[in-house]
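To start, the structure under review is shown below, and the notes come after it.
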Amino acid sequence: MALQGQGITTSLAIVPYEEKNILPHEKSSRHFKIADQDFLIEQDWQGLGVAAVVWDSAIVLAEYLSKNQHLVEGKKVLELGAGTGLTGLVAAALGAEVVVTERDVAMNHLSATIEKNTVNKSWKISAQVLDWTEEVDAQRFSDLDVILGADIIYIEDTFQDLLRTINSLSSSGKVLILLSCRIRYDRDTNFLSMLSQQFDIEEVLLDKDKKIKIFSVKRKMY
């Protein structure tokens, strides 16, 4: 449409809505088919930001678990910084007893997502508050077998808190920690270096398309 007047012509173009033009994190919801299960995840980028969005690291880790079910089946699993809880939901679908954790501000969204995706399911999964900046009561999460973390290594100010939290939750030495992340900056590598002082770290997967790595982490045995 063109508007003409006083020698001025202005063209107004109307761009039609197309789903493909919307970035994944901006979508109101996303659907995933993993481990032969359907997951519908509501997102709230404008309201809660990164805590209410499904990031690639979570998808890659969830798919990795689906191909390595033995890692979580029949195990007690805790997910740190679960966000929307996709990875924890997949672990539960694979037979794990799962606790997904987040900050208090994101808990309502996480709990609602878990509830919506477990209707008529016998999965064992619950959501609880866990703030890395506070001392962790390890008794709340005792006898863990596996700790999951997807895209939790990106804010340098939280590194010491995150390391302390991982230490507290894996003090028994038997816990397998799986970290899925995109190494964006030197500081991300610095966290892995900090972690390597007390833990053995092995890269077990590289998704070249998404540029995501998964690390298997276990406490050093002396």
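Going by the structure tokens order, chains are called A, B, ..., each with residues numbered from 1, while ligands are numbered from 1 in the order shown.
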
Note to self: Among stretch 33-156 of chain A, which residues does DSSP mark as strand (DSSP E) when it is run on the backbone? Keep the chain and numbering as in the structure and answer as a VMD selection string.
What the structure shows: chain A and resid 33 to 34 37 to 42 76 to 80 97 to 102 124 to 129 146 to 150

Expected file: the selected residues, N, CA and C atoms, as a CSV table (one decimal), in the first residue's frame:
```csv
chain,number,residue,atom,x,y,z
A,33,LYS,N,9.6,-35.1,20.5
A,33,LYS,CA,9.4,-36.5,20.5
A,33,LYS,C,10.7,-37.2,20.9
A,34,ILE,N,10.9,-37.6,22.1
A,34,ILE,CA,12.1,-38.2,22.6
A,34,ILE,C,11.8,-39.4,23.4
A,37,GLN,N,8.2,-40.7,23.5
A,37,GLN,CA,7.3,-40.0,24.3
A,37,GLN,C,7.1,-38.6,23.7
A,38,ASP,N,5.9,-38.0,23.9
A,38,ASP,CA,5.7,-36.7,23.4
A,38,ASP,C,5.7,-35.7,24.6
A,39,PHE,N,6.4,-34.6,24.4
A,39,PHE,CA,6.6,-33.6,25.4
A,39,PHE,C,6.2,-32.2,24.8
A,40,LEU,N,5.3,-31.6,25.5
A,40,LEU,CA,4.9,-30.2,25.1
A,40,LEU,C,5.4,-29.3,26.2
A,41,ILE,N,6.3,-28.4,25.8
A,41,ILE,CA,6.9,-27.5,26.8
A,41,ILE,C,6.5,-26.0,26.5
A,42,GLU,N,5.8,-25.4,27.5
A,42,GLU,CA,5.4,-24.0,27.4
A,42,GLU,C,6.6,-23.2,27.7
A,76,LYS,N,18.4,-42.8,41.0
A,76,LYS,CA,17.9,-41.5,41.6
A,76,LYS,C,18.7,-40.4,40.9
A,77,VAL,N,17.9,-39.5,40.3
A,77,VAL,CA,18.5,-38.5,39.4
A,77,VAL,C,18.0,-37.1,39.9
A,78,LEU,N,19.0,-36.1,39.9
A,78,LEU,CA,18.7,-34.8,40.2
A,78,LEU,C,19.1,-33.9,39.0
A,79,GLU,N,18.3,-33.0,38.6
A,79,GLU,CA,18.7,-32.0,37.6
A,79,GLU,C,18.9,-30.6,38.2
A,80,LEU,N,20.1,-30.1,38.0
A,80,LEU,CA,20.4,-28.7,38.4
A,80,LEU,C,19.9,-27.7,37.4
A,97,GLU,N,14.0,-42.1,39.0
A,97,GLU,CA,13.3,-41.3,40.1
A,97,GLU,C,14.0,-39.9,40.1
A,98,VAL,N,13.2,-38.9,39.7
A,98,VAL,CA,13.8,-37.6,39.3
A,98,VAL,C,13.4,-36.5,40.2
A,99,VAL,N,14.3,-35.6,40.6
A,99,VAL,CA,14.0,-34.4,41.2
A,99,VAL,C,14.6,-33.3,40.3
A,100,VAL,N,13.7,-32.4,39.8
A,100,VAL,CA,14.2,-31.3,39.0
A,100,VAL,C,14.2,-30.1,39.9
A,101,THR,N,15.3,-29.3,39.8
A,101,THR,CA,15.4,-28.2,40.7
A,101,THR,C,15.7,-26.8,40.0
A,102,GLU,N,15.2,-25.8,40.6
A,102,GLU,CA,15.4,-24.4,40.0
A,102,GLU,C,15.3,-23.4,41.2
A,124,LYS,N,8.1,-41.1,38.0
A,124,LYS,CA,8.5,-40.6,39.4
A,124,LYS,C,9.3,-39.3,39.2
A,125,ILE,N,8.7,-38.1,39.3
A,125,ILE,CA,9.4,-36.9,39.1
A,125,ILE,C,8.7,-35.8,39.9
A,126,SER,N,9.5,-35.0,40.6
A,126,SER,CA,9.0,-33.9,41.4
A,126,SER,C,9.9,-32.7,41.2
A,127,ALA,N,9.4,-31.5,41.5
A,127,ALA,CA,10.2,-30.2,41.4
A,127,ALA,C,10.4,-29.6,42.8
A,128,GLN,N,11.7,-29.2,43.0
A,128,GLN,CA,12.0,-28.6,44.3
A,128,GLN,C,12.9,-27.4,44.1
A,129,VAL,N,12.9,-26.5,45.0
A,129,VAL,CA,13.7,-25.3,45.0
A,129,VAL,C,15.1,-25.7,45.4
A,146,VAL,N,22.8,-39.9,39.9
A,146,VAL,CA,23.1,-39.1,38.7
A,146,VAL,C,22.7,-37.7,38.9
A,147,ILE,N,23.6,-36.7,38.5
A,147,ILE,CA,23.2,-35.3,38.5
A,147,ILE,C,23.3,-34.9,37.0
A,148,LEU,N,22.3,-34.2,36.6
A,148,LEU,CA,22.2,-33.7,35.2
A,148,LEU,C,22.3,-32.1,35.3
A,149,GLY,N,23.0,-31.6,34.3
A,149,GLY,CA,23.1,-30.1,34.1
A,149,GLY,C,23.2,-29.8,32.7
A,150,ALA,N,22.2,-29.0,32.2
A,150,ALA,CA,22.1,-28.6,30.8
A,150,ALA,C,22.2,-27.1,30.7
```

Check: Which residues come within 12 Å of A:Leu130, counting only C-alpha atoms, excluding same-chain residues fewer than 4 positions away, as a PyMOL selection string?
Finding: chain A and resi 78-83+99-107+134-138+140-141+161-162+165-166+169

Item checked: Residues within 12 Å of stretch 52-55 of chain A, only C-alpha atoms, excluding chain neighbours under 5 positions, as a PyMOL selection string -> chain A and resi 23-32+39-47+60-62+81-87+102-103+105-113+149-152+180-182+210+212

Checklist line | Selection near A:Leu94, 9 Å with only C-alpha atoms, sequence-local residues under 3 positions removed, as a PyMOL selection string | finding: chain A and resi 35+65-66+69-70+72-74+89-91+123
